[in-house]
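What follows is one structure encoded as structure tokens, with my remarks underneath.
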Amino acid sequence: MSTSAPFVRFEHRDGVALGIGEARPRLSWSAPTGAVQVAYELAWHITSPDGIVVDQGAAVVEDDARVLVPWPAAPLPSRARAAVRVRLRDAEGVWGEWSEDAVAERALDAADWEALLIGPAVESEDGDRRPPLLRADFTVPGAVKSARLHLTAHGLVRAEVNGARTTEDTLLPGWTPYQDRLRVHVHDVTDLVRTGANAIGIALADGWYRGRFGFEGGTSDIYGSHIGALVQLEIETDQGSVVVASDGGWRTAPGPLDHASLYDGERYDARFRPKGWSDPGFDDESWDAVVVHDLDKAALSAPDGAPVRCTEELHPVSVTADGDGWLIDYGQNHAGRPRLSLPALPAGTVVTVRHAEVLQDGTLCVRPLREAPSVDQVVSAGEPLVWEPDFTIHGYRYAHLSGIPAKPEPGTIVSRVLHTDMRRIGWFECSDPELNRLHENVRWSLRSNFVDIPTDCPQRDERLGWTGDIQAFAPTAAFLYDVQGMLVDWLRTLSSEQERFGHVPVYVPWIPGGAFWRPWQDIAGWGDAATLVPLALYQASGDAGILARQYPSAKGWVDHVEGLAGESRVWDEGLQLGDWLDPTAPPENPMEAVTDPHLVATAYFARSAAALAEMATVLGLTEDAERYAALAAEVRAAFIARYRVDEAGAQDASADTQTAYALAIAFDIVTDADARARIGDRLAQLVRDSGYTVATGFAGTPLVTWALSATGHVDVAYGLLQSHEAPSWLSTIDRGATTIWERWDSMLESGDVNPGDMTSFNHYALGSVADWMHRVIGGLAPAEPGYRRLRIAPRPGGTLTRATVRHLTPFGPAEVAWTLDDATLTVAFEVPAGTSADVDIPGAPRAVAGPGHHEVVVAREDFDRAGHESSVPLPA
């Protein structure tokens, strides 16, 4: 056995897991490369905060399981600290090294809370509510052994202890339906607390809770009219425990922020920062007493995913004079905010940073932001200052900086890239640099829009958790990053909003939708996130627990649609978004697509019914599995009878489209082999007739390359992917795209921005083609959920001469790398320990490969004879 030790994780968390909600967290670990695990030994040591042993032990299990293994010990009580390690035994009976301890701490139970939700007593009601500061002094007798800060808020919150920030996490506690679930974050502040006098300070801002947010100017006070913090600092010393809890004795005053808004940005006036406000001994006599607000502590919840953090800093690639200031190009569209290092400017000097995704006529184009100005300002106090906003985020590539006397020196302004701190687990690279750029664009759009929840865009007055976008993109996201925790958390929100409204809204959390959007609108492809997102996460992770928890939501959605469709099984009534934003959609009407919207709705009905049957099968719900499989078959038959896609060109024009055929094939609606071949041929003909341009929107785009390759038209799929003729993926790159656009023509060929008021340059939905790039170009896919068995099936094509794809599966790294020249196709691949792979390489016999490194060499003539058009199975 290799001497390298495994690495243990709790649930889907990396590193030390503080404040977990699970009393019996499941465990996963990697195995050393090449190792054969036939048994494992787990050892655990569980203590209370004061160091008393609650439980300890060890267990040897004769099994090769290593992913989401059941908790071996007694349930964790609140506050308990668990240290767990593992070692593995191979087939020769040799034990490997022990892993390092993995550490987790359980969150507080509702009954453990002494803290009260507190906030300022008096605020202006004229819309000019200045973000407040809260503080308290406290004394610690004895030497500090450990200290944990349990923190949440109505609004956004930042904490300081003795003048130092408690964490670099930001936009806490994130966005949930706060009345149902309010996340509590736990920080280790042992190094900040000291013997004797101490102080704690809290900064608050409106955030999603009561800040202006949403359509048509937005809505304020969505969840309530007050903001407040819930703070409980628990300290263990050599003389016992100390609890510092927010209560009516704390003090409050306005801080240096004039305003802080997710849409508007921040204005920070350094002249009004109370120096030393979070240090002990600060004179707060002039501050006001706080008031206590009601809070249902049953809503307090541990987060499933990581918080938002800065993961990278971007330095300007150019700084040029522009009007009264400087135009800054960071070279990459992204979500983040600036950090300024300012010299000692005259007191009262206002430095302004404005943001935009694109330029028009050489300067910032802010029209697509609609009513989200995205402007940050800092007012100098006459001293040098390093400043970054705390309670806002912007989507931008470009910034305009004004108010400084000279061109900024290198390093004095950077952009801090912000998103949920997910571990990257997927990579792709090939011989075509433009496809590599496309793949990077997909990855940047994912990062820009995975900001606590999966949003549609990071820049304009929207930034909502649209269900249709993530439904299309979830398989791609789950390959590139470990999104399990974050999306599981968001699915909790979907379920609670579905329970509240009796429907799956088009975005969750739900907020007022302006003149058009209502929570009871039943929209196919959007509501289907209830079935398809959990299934995508299960396919990526093998975590059946996700399916179990989301099954009532998924079943509720399918049953609801069954009632809407009725006995005909065709969902042909009501508003539908259909193939949203297909290339023919005019700027003013994104629903105006060539494909019948009710065809799209009925196709999704069939897909969700089949998905629910699959979920029921995994969960052992035999009767449900049979019922929903039969329902799916009925809907498929009704779809074919109504829309006659099997006639492949002879049917109504609104069903003779790329999207209609892609849905029929990729959703397994047409299963007859001859009919599938006909409609696959018709789809390929439509693509060729279009000059290899895209004719699909949100519904068809994730599926069109899949439908082509599944019916023997891999060459046409490559032609579509590598086309530069607009509309196409690469034509956006020719126009300078560094992220995926909302519209195929967000930027017109003339270089002008699309005149529609819905024009974002950072949406991930149309980037779902990356899933096909990973699985078909690269040739790496799960053959069983969680990659317990892999599929190695690259399909070289187009102009490519090489490609490499790599993924950190739950069992360890898997990789496929192929090269194609005039003589040979060479495919090298790595199969993780504890898995096997079905190998399907054109020109070579099909095979099964075990763990380790493998290489297959195929003569070029054998590869050519096998054909570039060999079909590829659809993803599960």
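We name chains A, B, ... following the order of the structure tokens; residues begin at 1 in each chain, and ligands are numbered from 1 as shown.
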List every residue of range 272-311 of chain A that has an atom at most 9 Å from any atom of range 188-198 of chain A, and for each one report the closest atom pair and its distance in Å to one decimal, counting only C-alpha atoms, with rows sorted by chain and then by increasing residue number, as CSV.
```
residue,atom,partner,partner_atom,distance
A:Ser278,CA,A:Asn198,CA,8.8
A:Asp279,CA,A:Asn198,CA,6.8
A:Pro280,CA,A:Asn198,CA,4.9
A:Gly281,CA,A:Ala197,CA,7.9
```
Export, as a compact mmCIF listing (two decimals), in the first residue's frame, the selected residues with N, CA, C and O atoms.
```txt
# COMPACT_ATOMS: atom_id res chain seq x y z
N SER A 278 -14.10 49.21 18.45
CA SER A 278 -14.22 47.81 18.83
C SER A 278 -13.09 47.38 19.76
O SER A 278 -12.85 46.19 19.94
N ASP A 279 -12.41 48.36 20.37
CA ASP A 279 -11.38 48.08 21.37
C ASP A 279 -11.95 48.30 22.77
O ASP A 279 -12.89 49.09 22.96
N PRO A 280 -11.38 47.62 23.77
CA PRO A 280 -11.86 47.84 25.13
C PRO A 280 -11.53 49.25 25.59
O PRO A 280 -10.54 49.86 25.18
N GLY A 281 -12.39 49.78 26.46
CA GLY A 281 -12.18 51.10 27.01
C GLY A 281 -12.66 52.24 26.16
O GLY A 281 -12.54 53.41 26.55
```
From a DSSP pass on the backbone, collect the residues of range 235-367 of chain A flagged as helix (DSSP H, G or I) and hand them back as a ChimeraX atom specification. /A:270-272,297-299,367
Dump C-alpha atoms for the selected residues as an mmCIF file, in the first residue's frame?
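After the write, result-v1.cif holds the following:
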```
data_model
loop_
_atom_site.group_PDB
_atom_site.id
_atom_site.type_symbol
_atom_site.label_atom_id
_atom_site.label_comp_id
_atom_site.auth_asym_id
_atom_site.auth_seq_id
_atom_site.Cartn_x
_atom_site.Cartn_y
_atom_site.Cartn_z
ATOM 1 C CA ALA A 270 -13.602 58.085 6.951
ATOM 2 C CA ARG A 271 -14.102 61.341 8.905
ATOM 3 C CA PHE A 272 -16.864 59.665 10.899
ATOM 4 C CA LYS A 297 -34.781 30.844 17.369
ATOM 5 C CA ALA A 298 -36.244 27.720 15.811
ATOM 6 C CA ALA A 299 -35.338 29.325 12.476
ATOM 7 C CA ARG A 367 -27.392 51.136 -19.337
#
```
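CA of Glu168 in chain A is found 27.7 Å from CA of Gly248 in chain A.
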As a list in words, please: the residues near Pro368 in chain A (cut-off 10 Å, only C-alpha atoms, same-chain neighbours under 6 positions excluded). Ala356, Glu357, Val358, Gln459, Arg460, Asp461, Ser746, Val753, Asn754, Pro755, Gly756, Asp757, Met758, Thr759, Ser760 and Phe761 of chain A
Leaving out range 726-743 of chain A and any residue of its chain fewer than 3 positions from it, which residues lie within 7 Å of it when counting only C-alpha atoms, given as a PyMOL selection string? chain A and resi 332-333+434+441-442+444-445+581+583+693-694+721-723+746+759-764+766-767
Produce a file of the selected residues containing C-alpha atoms, as a PDB file, in the first residue's frame.
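The resulting file, selection-v4.pdb, is reproduced below:
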```
ATOM      1  CA  GLN A 332     -11.922  39.848 -17.017  1.00  0.00           C
ATOM      2  CA  ASN A 333     -15.623  40.219 -16.296  1.00  0.00           C
ATOM      3  CA  GLU A 434     -10.677  29.599 -28.490  1.00  0.00           C
ATOM      4  CA  ASN A 441     -15.733  31.965 -19.815  1.00  0.00           C
ATOM      5  CA  VAL A 442     -18.039  29.266 -18.463  1.00  0.00           C
ATOM      6  CA  TRP A 444     -15.873  32.703 -14.718  1.00  0.00           C
ATOM      7  CA  SER A 445     -19.637  32.949 -15.165  1.00  0.00           C
ATOM      8  CA  LEU A 581     -33.913  33.865 -25.510  1.00  0.00           C
ATOM      9  CA  PRO A 583     -31.515  33.896 -31.182  1.00  0.00           C
ATOM     10  CA  THR A 693     -25.094  28.565 -36.154  1.00  0.00           C
ATOM     11  CA  VAL A 694     -27.002  28.161 -32.920  1.00  0.00           C
ATOM     12  CA  LEU A 721     -19.284  24.291 -31.232  1.00  0.00           C
ATOM     13  CA  GLN A 722     -16.325  25.560 -33.258  1.00  0.00           C
ATOM     14  CA  SER A 723     -18.304  27.859 -35.536  1.00  0.00           C
ATOM     15  CA  SER A 746     -25.754  40.859 -26.029  1.00  0.00           C
ATOM     16  CA  THR A 759     -28.818  42.424 -21.613  1.00  0.00           C
ATOM     17  CA  SER A 760     -26.315  40.803 -19.303  1.00  0.00           C
ATOM     18  CA  PHE A 761     -22.768  39.824 -20.198  1.00  0.00           C
ATOM     19  CA  ASN A 762     -22.466  37.332 -17.352  1.00  0.00           C
ATOM     20  CA  HIS A 763     -25.037  34.502 -17.362  1.00  0.00           C
ATOM     21  CA  TYR A 764     -23.975  30.869 -17.155  1.00  0.00           C
ATOM     22  CA  LEU A 766     -25.770  29.083 -22.331  1.00  0.00           C
ATOM     23  CA  GLY A 767     -22.408  27.822 -21.031  1.00  0.00           C
TER      24      GLY A 767
END
```
For Asp304 in chain A, list every protein, DNA or RNA residue within 8 Å, evaluated using only C-alpha atoms, and leave out those in the same chain fewer than 4 positions away; present the list as a PyMOL selection string. chain A and resi 20+485-486+488-489
Counting only C-alpha atoms, what is within 8 Å of Ala306 in chain A, bar same-chain residues fewer than 3 positions away, as a PyMOL selection string? chain A and resi 13+303+420-422+485-486
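Comparing A:Leu703, A:Val558, A:Ala80, A:Val319 by their smallest distance to Gly51 in chain A, the closest is A:Ala80 (using only C-alpha atoms).
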Find the residues of range 38-118 of chain A that sit at most 12 Å from range 774-792 of chain A; for each, write down the nearest two atoms and how far apart they are in Å, to one decimal. Count only C-alpha atoms. Sort by chain, then by number going up, and give it as a Markdown table.
```
| residue | atom | partner | partner_atom | distance |
| --- | --- | --- | --- | --- |
| A:Asp64 | CA | A:Arg788 | CA | 11.2 |
| A:Ala65 | CA | A:Arg788 | CA | 10.1 |
| A:Arg66 | CA | A:Arg788 | CA | 10.5 |
| A:Val67 | CA | A:Gly786 | CA | 8.6 |
| A:Leu68 | CA | A:Gly786 | CA | 10.5 |
```
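A straight line drawn from CA of Gly578 in chain A to CA of Asp596 in chain A is 7.1 Å long.
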Nearest residue to Phe391 in chain A from the set A:Leu345, A:Val600, A:Cys457, A:Leu171 (distances using only C-alpha atoms): A:Leu171
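By chain and then residue number, the residues within 10 Å of range 88-93 of chain A are Met1, Ser2, Ala5, Pro6, Ala31, Pro32, Ala35, Val36, Gln37, Val38, Ala39, Tyr40, Glu41, Leu42, Val60, Val61, Glu62, Asp63, Asp64, Arg66, Glu97, Trp98 and Ser99 of chain A, counting only C-alpha atoms and disregarding those fewer than 4 positions away in sequence.
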Selection export as a PDB file, in the first residue's frame, atoms kept: N, CA, C and O atoms:
```pdb
ATOM      1  N   MET A   1       0.841  -1.199   0.000  1.00  0.00           N
ATOM      2  CA  MET A   1       0.000   0.000   0.000  1.00  0.00           C
ATOM      3  C   MET A   1       0.877   1.250   0.000  1.00  0.00           C
ATOM      4  O   MET A   1       1.920   1.278   0.645  1.00  0.00           O
ATOM      5  N   SER A   2       0.431   2.261  -0.731  1.00  0.00           N
ATOM      6  CA  SER A   2       1.150   3.532  -0.734  1.00  0.00           C
ATOM      7  C   SER A   2       1.223   4.094   0.681  1.00  0.00           C
ATOM      8  O   SER A   2       0.334   3.884   1.509  1.00  0.00           O
ATOM      9  N   ALA A   5      -1.222   9.142   3.176  1.00  0.00           N
ATOM     10  CA  ALA A   5      -2.386   8.929   4.028  1.00  0.00           C
ATOM     11  C   ALA A   5      -3.634   9.508   3.385  1.00  0.00           C
ATOM     12  O   ALA A   5      -3.570  10.463   2.614  1.00  0.00           O
ATOM     13  N   PRO A   6      -4.811   8.954   3.717  1.00  0.00           N
ATOM     14  CA  PRO A   6      -6.054   9.529   3.191  1.00  0.00           C
ATOM     15  C   PRO A   6      -6.366  10.871   3.836  1.00  0.00           C
ATOM     16  O   PRO A   6      -5.748  11.278   4.826  1.00  0.00           O
ATOM     17  N   ALA A  31      -8.446   7.727  -1.109  1.00  0.00           N
ATOM     18  CA  ALA A  31      -7.496   6.629  -0.917  1.00  0.00           C
ATOM     19  C   ALA A  31      -6.222   6.950  -1.669  1.00  0.00           C
ATOM     20  O   ALA A  31      -6.253   7.639  -2.694  1.00  0.00           O
ATOM     21  N   PRO A  32      -5.076   6.483  -1.184  1.00  0.00           N
ATOM     22  CA  PRO A  32      -3.829   6.705  -1.914  1.00  0.00           C
ATOM     23  C   PRO A  32      -3.911   6.153  -3.328  1.00  0.00           C
ATOM     24  O   PRO A  32      -4.579   5.144  -3.578  1.00  0.00           O
ATOM     25  N   ALA A  35      -4.040   2.374  -4.337  1.00  0.00           N
ATOM     26  CA  ALA A  35      -4.362   1.545  -3.179  1.00  0.00           C
ATOM     27  C   ALA A  35      -5.618   0.723  -3.422  1.00  0.00           C
ATOM     28  O   ALA A  35      -6.531   1.140  -4.131  1.00  0.00           O
ATOM     29  N   VAL A  36      -5.664  -0.461  -2.826  1.00  0.00           N
ATOM     30  CA  VAL A  36      -6.844  -1.306  -2.850  1.00  0.00           C
ATOM     31  C   VAL A  36      -7.333  -1.417  -1.408  1.00  0.00           C
ATOM     32  O   VAL A  36      -6.693  -2.067  -0.572  1.00  0.00           O
ATOM     33  N   GLN A  37      -8.423  -0.769  -1.117  1.00  0.00           N
ATOM     34  CA  GLN A  37      -8.978  -0.789   0.240  1.00  0.00           C
ATOM     35  C   GLN A  37      -9.957  -1.937   0.368  1.00  0.00           C
ATOM     36  O   GLN A  37     -10.939  -2.024  -0.361  1.00  0.00           O
ATOM     37  N   VAL A  38      -9.701  -2.831   1.309  1.00  0.00           N
ATOM     38  CA  VAL A  38     -10.661  -3.895   1.608  1.00  0.00           C
ATOM     39  C   VAL A  38     -11.264  -3.726   2.990  1.00  0.00           C
ATOM     40  O   VAL A  38     -12.249  -4.376   3.327  1.00  0.00           O
ATOM     41  N   ALA A  39     -10.642  -2.867   3.804  1.00  0.00           N
ATOM     42  CA  ALA A  39     -11.166  -2.573   5.133  1.00  0.00           C
ATOM     43  C   ALA A  39     -10.670  -1.194   5.556  1.00  0.00           C
ATOM     44  O   ALA A  39      -9.702  -0.678   5.011  1.00  0.00           O
ATOM     45  N   TYR A  40     -11.347  -0.633   6.526  1.00  0.00           N
ATOM     46  CA  TYR A  40     -10.897   0.645   7.085  1.00  0.00           C
ATOM     47  C   TYR A  40     -11.108   0.633   8.595  1.00  0.00           C
ATOM     48  O   TYR A  40     -11.943  -0.121   9.129  1.00  0.00           O
ATOM     49  N   GLU A  41     -10.323   1.446   9.258  1.00  0.00           N
ATOM     50  CA  GLU A  41     -10.489   1.645  10.688  1.00  0.00           C
ATOM     51  C   GLU A  41     -10.685   3.128  10.954  1.00  0.00           C
ATOM     52  O   GLU A  41      -9.867   3.953  10.540  1.00  0.00           O
ATOM     53  N   LEU A  42     -11.783   3.452  11.626  1.00  0.00           N
ATOM     54  CA  LEU A  42     -12.070   4.813  12.041  1.00  0.00           C
ATOM     55  C   LEU A  42     -11.800   4.944  13.530  1.00  0.00           C
ATOM     56  O   LEU A  42     -12.170   4.073  14.323  1.00  0.00           O
ATOM     57  N   VAL A  60     -13.170  -1.204  13.246  1.00  0.00           N
ATOM     58  CA  VAL A  60     -12.670  -1.748  11.992  1.00  0.00           C
ATOM     59  C   VAL A  60     -13.865  -2.267  11.200  1.00  0.00           C
ATOM     60  O   VAL A  60     -14.707  -3.007  11.732  1.00  0.00           O
ATOM     61  N   VAL A  61     -13.956  -1.863   9.947  1.00  0.00           N
ATOM     62  CA  VAL A  61     -15.066  -2.257   9.090  1.00  0.00           C
ATOM     63  C   VAL A  61     -14.500  -2.929   7.849  1.00  0.00           C
ATOM     64  O   VAL A  61     -13.640  -2.363   7.160  1.00  0.00           O
ATOM     65  N   GLU A  62     -14.966  -4.142   7.555  1.00  0.00           N
ATOM     66  CA  GLU A  62     -14.532  -4.871   6.360  1.00  0.00           C
ATOM     67  C   GLU A  62     -15.362  -4.389   5.178  1.00  0.00           C
ATOM     68  O   GLU A  62     -16.439  -4.903   4.900  1.00  0.00           O
ATOM     69  N   ASP A  63     -14.890  -3.363   4.509  1.00  0.00           N
ATOM     70  CA  ASP A  63     -15.660  -2.770   3.425  1.00  0.00           C
ATOM     71  C   ASP A  63     -14.730  -1.855   2.641  1.00  0.00           C
ATOM     72  O   ASP A  63     -13.768  -1.314   3.199  1.00  0.00           O
ATOM     73  N   ASP A  64     -15.040  -1.675   1.351  1.00  0.00           N
ATOM     74  CA  ASP A  64     -14.252  -0.741   0.549  1.00  0.00           C
ATOM     75  C   ASP A  64     -14.933   0.626   0.438  1.00  0.00           C
ATOM     76  O   ASP A  64     -14.497   1.476  -0.325  1.00  0.00           O
ATOM     77  N   ARG A  66     -15.919   4.391   1.017  1.00  0.00           N
ATOM     78  CA  ARG A  66     -15.134   5.537   1.489  1.00  0.00           C
ATOM     79  C   ARG A  66     -15.810   6.868   1.167  1.00  0.00           C
ATOM     80  O   ARG A  66     -15.204   7.908   1.351  1.00  0.00           O
ATOM     81  N   GLU A  97      -0.988   4.297   6.638  1.00  0.00           N
ATOM     82  CA  GLU A  97      -0.815   5.321   7.665  1.00  0.00           C
ATOM     83  C   GLU A  97      -2.172   5.875   8.105  1.00  0.00           C
ATOM     84  O   GLU A  97      -3.132   5.897   7.342  1.00  0.00           O
ATOM     85  N   TRP A  98      -2.216   6.355   9.346  1.00  0.00           N
ATOM     86  CA  TRP A  98      -3.382   7.090   9.806  1.00  0.00           C
ATOM     87  C   TRP A  98      -3.439   8.437   9.098  1.00  0.00           C
ATOM     88  O   TRP A  98      -2.416   9.077   8.862  1.00  0.00           O
ATOM     89  N   SER A  99      -4.626   8.868   8.791  1.00  0.00           N
ATOM     90  CA  SER A  99      -4.813  10.223   8.264  1.00  0.00           C
ATOM     91  C   SER A  99      -4.597  11.240   9.377  1.00  0.00           C
ATOM     92  O   SER A  99      -4.560  10.903  10.571  1.00  0.00           O
TER      93      SER A  99
END
```
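CA of Leu133 in chain A is found 13.1 Å from CA of Val291 in chain A.
Residue nearest Arg106 in chain A within the list A:Ala153, A:Val350, A:Val184, A:Leu435: A:Val184 [criterion: smallest interatomic distance, only C-alpha atoms].
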Residue set, range 150-289 of chain A restricted to strand (DSSP E), as a ChimeraX atom specification: /A:150-154,156-161,164-165,182-183,185-188,196-205,228-237,240-245,251-254,257-261,265-269,288-289
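Each of A:Glu100, A:Asp652, A:Asp296, A:Asp269 was checked against Val379 in chain A using only C-alpha atoms; the smallest atom-to-atom distance is that of A:Asp269.
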From the options A:Asn436, A:Thr531, A:Ser654, A:Gln521, which residue's atoms come nearest to Ala613 in chain A, counting only C-alpha atoms? A:Thr531
